[in-house]
$ cat structure-v1.txt   # compact mmCIF, C-alpha atoms and all ligand atoms
# COMPACT_ATOMS: atom_id res chain seq x y z
CA MET B 1 106.18 106.64 54.72
CA PRO B 2 103.15 107.68 56.78
CA LYS B 3 103.56 107.27 60.51
CA GLY B 4 102.18 104.03 61.84
CA GLY B 5 101.31 102.86 58.31
CA GLY B 6 100.67 99.25 59.30
CA ILE B 7 103.88 98.99 61.27
CA ARG B 8 103.84 98.11 64.92
CA ARG B 9 106.70 98.37 67.33
CA ILE B 10 108.16 95.21 68.80
CA THR B 11 106.30 93.73 71.70
CA THR B 12 106.15 90.01 72.17
CA VAL B 13 105.35 87.27 69.72
CA ASP B 14 105.25 83.57 70.46
CA GLU B 15 106.23 82.12 67.13
CA CYS B 16 109.47 82.36 65.24
CA LYS B 17 108.80 83.87 61.83
CA PRO B 18 111.19 84.39 58.92
CA LEU B 19 112.83 87.79 58.72
CA LYS B 20 111.81 90.04 55.87
CA ILE B 21 114.18 92.76 54.63
CA LEU B 22 112.57 95.60 52.70
CA HIS B 23 114.67 98.18 50.87
CA LEU B 24 112.39 101.17 50.43
CA LYS B 25 112.95 104.05 48.04
CA GLN B 26 111.44 106.56 50.46
CA SER B 27 113.28 108.40 53.20
CA HIS B 28 112.00 108.38 56.75
CA CYS B 29 111.76 111.68 58.62
CA LYS B 30 113.87 110.33 61.52
CA PHE B 31 115.47 107.00 60.73
CA ASN B 32 117.71 105.32 58.18
CA SER B 33 116.14 102.02 59.06
CA GLU B 34 113.91 100.23 61.52
CA PHE B 35 113.32 96.79 62.88
CA ALA B 36 109.60 96.25 63.29
CA LEU B 37 106.85 93.71 63.21
CA ILE B 38 104.76 94.20 60.09
CA GLN B 39 101.38 92.82 59.18
CA ASN B 40 101.58 89.84 56.83
CA GLY B 41 98.08 88.55 56.23
CA LYS B 42 96.74 87.91 59.69
CA ASP B 43 100.22 87.35 61.14
CA MET B 44 102.89 89.72 62.32
CA GLN B 45 106.28 89.19 60.72
CA PRO B 46 109.66 90.57 61.83
CA ALA B 47 111.11 92.91 59.23
CA ILE B 48 113.99 95.25 58.61
CA LEU B 49 112.95 98.40 56.77
CA LEU B 50 115.84 100.11 55.02
CA TYR B 51 115.01 103.64 53.89
CA ASN B 52 117.05 106.03 51.81
CA MET B 53 119.86 107.20 54.07
CA LEU B 54 119.04 110.50 55.76
CA VAL B 55 122.74 111.32 55.65
CA PRO B 56 124.11 110.02 52.33
CA SER B 57 127.59 109.49 53.82
CA GLU B 58 126.29 106.90 56.29
CA ASP B 59 127.27 103.35 55.47
CA PRO B 60 124.17 101.32 54.54
CA ILE B 61 126.07 98.09 55.30
CA MET B 62 126.64 99.25 58.89
CA VAL B 63 122.98 100.30 59.09
CA LEU B 64 121.83 96.87 57.89
CA ALA B 65 124.22 95.08 60.27
CA HIS B 66 122.83 97.17 63.17
CA GLU B 67 119.25 96.21 62.27
CA LEU B 68 120.31 92.56 62.05
CA GLY B 69 121.40 93.05 65.66
CA HIS B 70 117.85 94.06 66.59
CA ALA B 71 116.57 91.05 64.66
CA LEU B 72 118.97 88.79 66.56
CA HIS B 73 117.82 90.32 69.85
CA TYR B 74 114.20 89.67 68.88
CA SER B 75 114.89 86.10 67.78
CA LEU B 76 116.69 85.34 71.05
CA THR B 77 114.26 86.83 73.56
CA LYS B 78 110.99 87.44 71.65
CA ASP B 79 110.64 90.48 73.91
CA ILE B 80 112.59 93.67 73.35
CA ASN B 81 112.36 94.41 77.08
CA VAL B 82 114.41 91.29 77.87
CA LEU B 83 118.11 91.51 77.11
CA PRO B 84 119.97 88.46 75.79
CA GLU B 85 121.78 86.43 78.43
CA LYS B 86 125.09 87.69 79.81
CA PHE B 87 124.76 91.04 77.99
CA ASP B 88 124.99 93.11 81.19
CA GLU B 89 128.02 91.05 82.27
CA LEU B 90 129.72 91.70 78.97
CA MET B 91 129.08 95.43 79.21
CA GLN B 92 130.66 95.49 82.67
CA ILE B 93 133.71 93.55 81.51
CA SER B 94 134.11 95.84 78.50
CA GLY B 95 133.86 98.97 80.64
CA LYS B 96 130.59 100.04 79.00
CA SER B 97 128.38 99.43 82.02
CA GLY B 98 127.07 103.00 82.06
CA LEU B 99 124.12 102.01 79.93
CA ASP B 100 121.32 102.57 82.39
CA ILE B 101 118.40 103.08 80.01
CA LEU B 102 116.91 99.96 78.47
CA GLU B 103 116.59 101.54 75.03
CA ARG B 104 120.30 102.39 75.02
CA LYS B 105 121.03 98.77 75.93
CA HIS B 106 118.97 97.65 72.92
CA GLU B 107 121.01 99.93 70.71
CA ALA B 108 124.29 98.78 72.30
CA PHE B 109 123.33 95.15 71.68
CA ALA B 110 122.49 95.95 68.04
CA ASP B 111 125.83 97.75 67.61
CA LEU B 112 127.72 94.90 69.21
CA THR B 113 126.07 92.44 66.83
CA ALA B 114 126.89 94.71 63.91
CA TRP B 115 130.57 94.76 64.91
CA ALA B 116 130.55 90.97 65.09
CA ILE B 117 129.02 90.75 61.60
CA LEU B 118 131.38 93.36 60.19
CA SER B 119 134.43 91.61 61.68
CA ASP B 120 134.20 89.12 58.85
CA ASP B 121 137.17 89.58 56.50
CA GLU B 122 134.95 90.51 53.55
CA LEU B 123 133.13 93.21 55.54
CA LYS B 124 135.93 94.64 57.71
CA GLU B 125 136.11 97.83 55.65
CA HIS B 126 132.65 98.71 57.05
CA LEU B 127 133.71 98.33 60.69
CA PRO B 128 133.74 101.76 62.38
CA LEU B 129 137.29 103.01 62.90
CA GLU B 130 136.84 103.39 66.66
CA ILE B 131 136.19 99.66 67.12
CA THR B 132 139.39 98.00 68.23
CA GLU B 133 140.40 94.49 67.13
CA ASP B 134 139.93 93.31 70.73
CA PHE B 135 136.41 94.67 70.99
CA ALA B 136 135.46 93.30 67.58
CA ALA B 137 136.81 89.87 68.64
CA MET B 138 134.87 90.03 71.92
CA SER B 139 131.69 90.94 70.00
CA THR B 140 132.20 88.01 67.64
CA GLU B 141 132.80 85.62 70.53
CA TYR B 142 129.65 86.82 72.32
CA VAL B 143 127.41 86.51 69.25
CA SER B 144 128.88 83.05 68.58
CA PHE B 145 128.04 82.10 72.17
CA LEU B 146 124.44 83.34 71.78
CA THR B 147 123.90 81.44 68.53
CA SER B 148 125.95 78.33 69.37
CA ASN B 149 122.88 76.11 69.67
CA TRP B 150 121.26 77.30 66.45
CA GLN B 151 120.62 74.67 63.84
CA MET B 152 120.28 75.20 60.10
CA ARG B 153 116.91 74.19 58.72
ZN ZN B 201 118.83 100.56 66.54

$ encode --input "structure-v1.txt" --output "structure tokens" --more "lines below"
Ligand SMILES: [Zn+2]
Amino acid sequence: MPKGGGIRRITTVDECKPLKILHLKQSHCKFNSEFALIQNGKDMQPAILLYNMLVPSEDPIMVLAHELGHALHYSLTKDINVLPEKFDELMQISGKSGLDILERKHEAFADLTAWAILSDDELKEHLPLEITEDFAAMSTEYVSFLTSNWQMR
């Protein structure tokens, strides 16, 4: 995929738009996947772009769950520079407070969301081995807290 080919990095958007998930046959030179805002007519739409895995042994389910974490972050704050509420507190409690760079916090939030998603009984086989039951449960509780006021439409 050509660099910048109609894809813009996340900034801020006022409206909530449906999430689009695109499974692309191409590989990306750096990434397995991306969360981005893509042009849809005259609007920008949040999208997950899943490329061919750069490393075939990587688990595409984990990759998708991680990108869903970025999508959750976006849907909660509408600004990638704003972390979801209580995230810093949670990182301190969990002993992972050494995340000083905002981008690493974004990635940590996406991973945490992925572990919550993958804690579901049907997906547990995709949970990374280093994630303990306690940390997976804490991730699930936190994501449930963040989405507790969501309503189905
Ligand atoms: Zn990421």

$ closest_residue --input "structure-v1.txt" --among "B:Glu58, B:Glu125, B:Glu103, B:Glu133" --to "ligand ZN 201 (chain B)" --atoms "all atoms listed in the file"
B:Glu103

$ closest_atom_pairs --input "structure-v1.txt" --of "chain B" --to "ligand ZN 201 (chain B)" --cutoff "12 Å" --atoms "all atoms listed in the file" --output "CSV"
residue,atom,partner,partner_atom,distance
B:Phe31,CA,B:ZN201,ZN,9.3
B:Asn32,CA,B:ZN201,ZN,9.7
B:Ser33,CA,B:ZN201,ZN,8.1
B:Glu34,CA,B:ZN201,ZN,7.0
B:Phe35,CA,B:ZN201,ZN,7.6
B:Ala36,CA,B:ZN201,ZN,10.7
B:Ile48,CA,B:ZN201,ZN,10.7
B:Leu49,CA,B:ZN201,ZN,11.6
B:Leu50,CA,B:ZN201,ZN,11.9
B:Met62,CA,B:ZN201,ZN,11.0
B:Val63,CA,B:ZN201,ZN,8.5
B:Leu64,CA,B:ZN201,ZN,9.9
B:Ala65,CA,B:ZN201,ZN,9.9
B:His66,CA,B:ZN201,ZN,6.2
B:Glu67,CA,B:ZN201,ZN,6.1
B:Leu68,CA,B:ZN201,ZN,9.3
B:Gly69,CA,B:ZN201,ZN,8.0
B:His70,CA,B:ZN201,ZN,6.6
B:Ala71,CA,B:ZN201,ZN,10.0
B:Leu72,CA,B:ZN201,ZN,11.8
B:His73,CA,B:ZN201,ZN,10.8
B:Ile80,CA,B:ZN201,ZN,11.5
B:Glu103,CA,B:ZN201,ZN,8.8
B:Arg104,CA,B:ZN201,ZN,8.8
B:Lys105,CA,B:ZN201,ZN,9.8
B:His106,CA,B:ZN201,ZN,7.0
B:Glu107,CA,B:ZN201,ZN,4.7
B:Ala108,CA,B:ZN201,ZN,8.1
B:Phe109,CA,B:ZN201,ZN,8.7
B:Ala110,CA,B:ZN201,ZN,6.1
B:Asp111,CA,B:ZN201,ZN,7.6
B:Leu112,CA,B:ZN201,ZN,10.9
B:Thr113,CA,B:ZN201,ZN,10.9
B:Ala114,CA,B:ZN201,ZN,10.3

$ atom_distance --input "structure-v1.txt" --atom1 "CA of Met138 (chain B)" --atom2 "CA of Leu118 (chain B)"
12.7 Å

$ atom_distance --input "structure-v1.txt" --atom1 "CA of Lys20 (chain B)" --atom2 "CA of Ala47 (chain B)"
4.5 Å

$ atom_distance --input "structure-v1.txt" --atom1 "CA of Phe135 (chain B)" --atom2 "CA of Ser94 (chain B)"
7.9 Å

$ closest_residue --input "structure-v1.txt" --among "B:Trp150, B:Tyr74, B:Phe145, B:Phe87" --to "Lys17 (chain B)" --atoms "only C-alpha atoms"
B:Tyr74

$ closest_residue --input "structure-v1.txt" --among "B:Ser27, B:Gln92, B:Ser119, B:Thr147" --to "Ser75 (chain B)" --atoms "all atoms listed in the file"
B:Thr147

$ closest_residue --input "structure-v1.txt" --among "B:Ala137, B:Leu102, B:Leu22, B:Leu129" --to "Ile117 (chain B)" --atoms "all atoms listed in the file"
B:Ala137

$ closest_residue --input "structure-v1.txt" --among "B:Leu76, B:Met53, B:Leu19, B:Leu24" --to "Asn149 (chain B)" --atoms "all atoms listed in the file"
B:Leu76

$ closest_residue --input "structure-v1.txt" --among "B:Leu90, B:Leu123, B:Ile21, B:Ile101" --to "Tyr142 (chain B)" --atoms "all atoms listed in the file"
B:Leu90
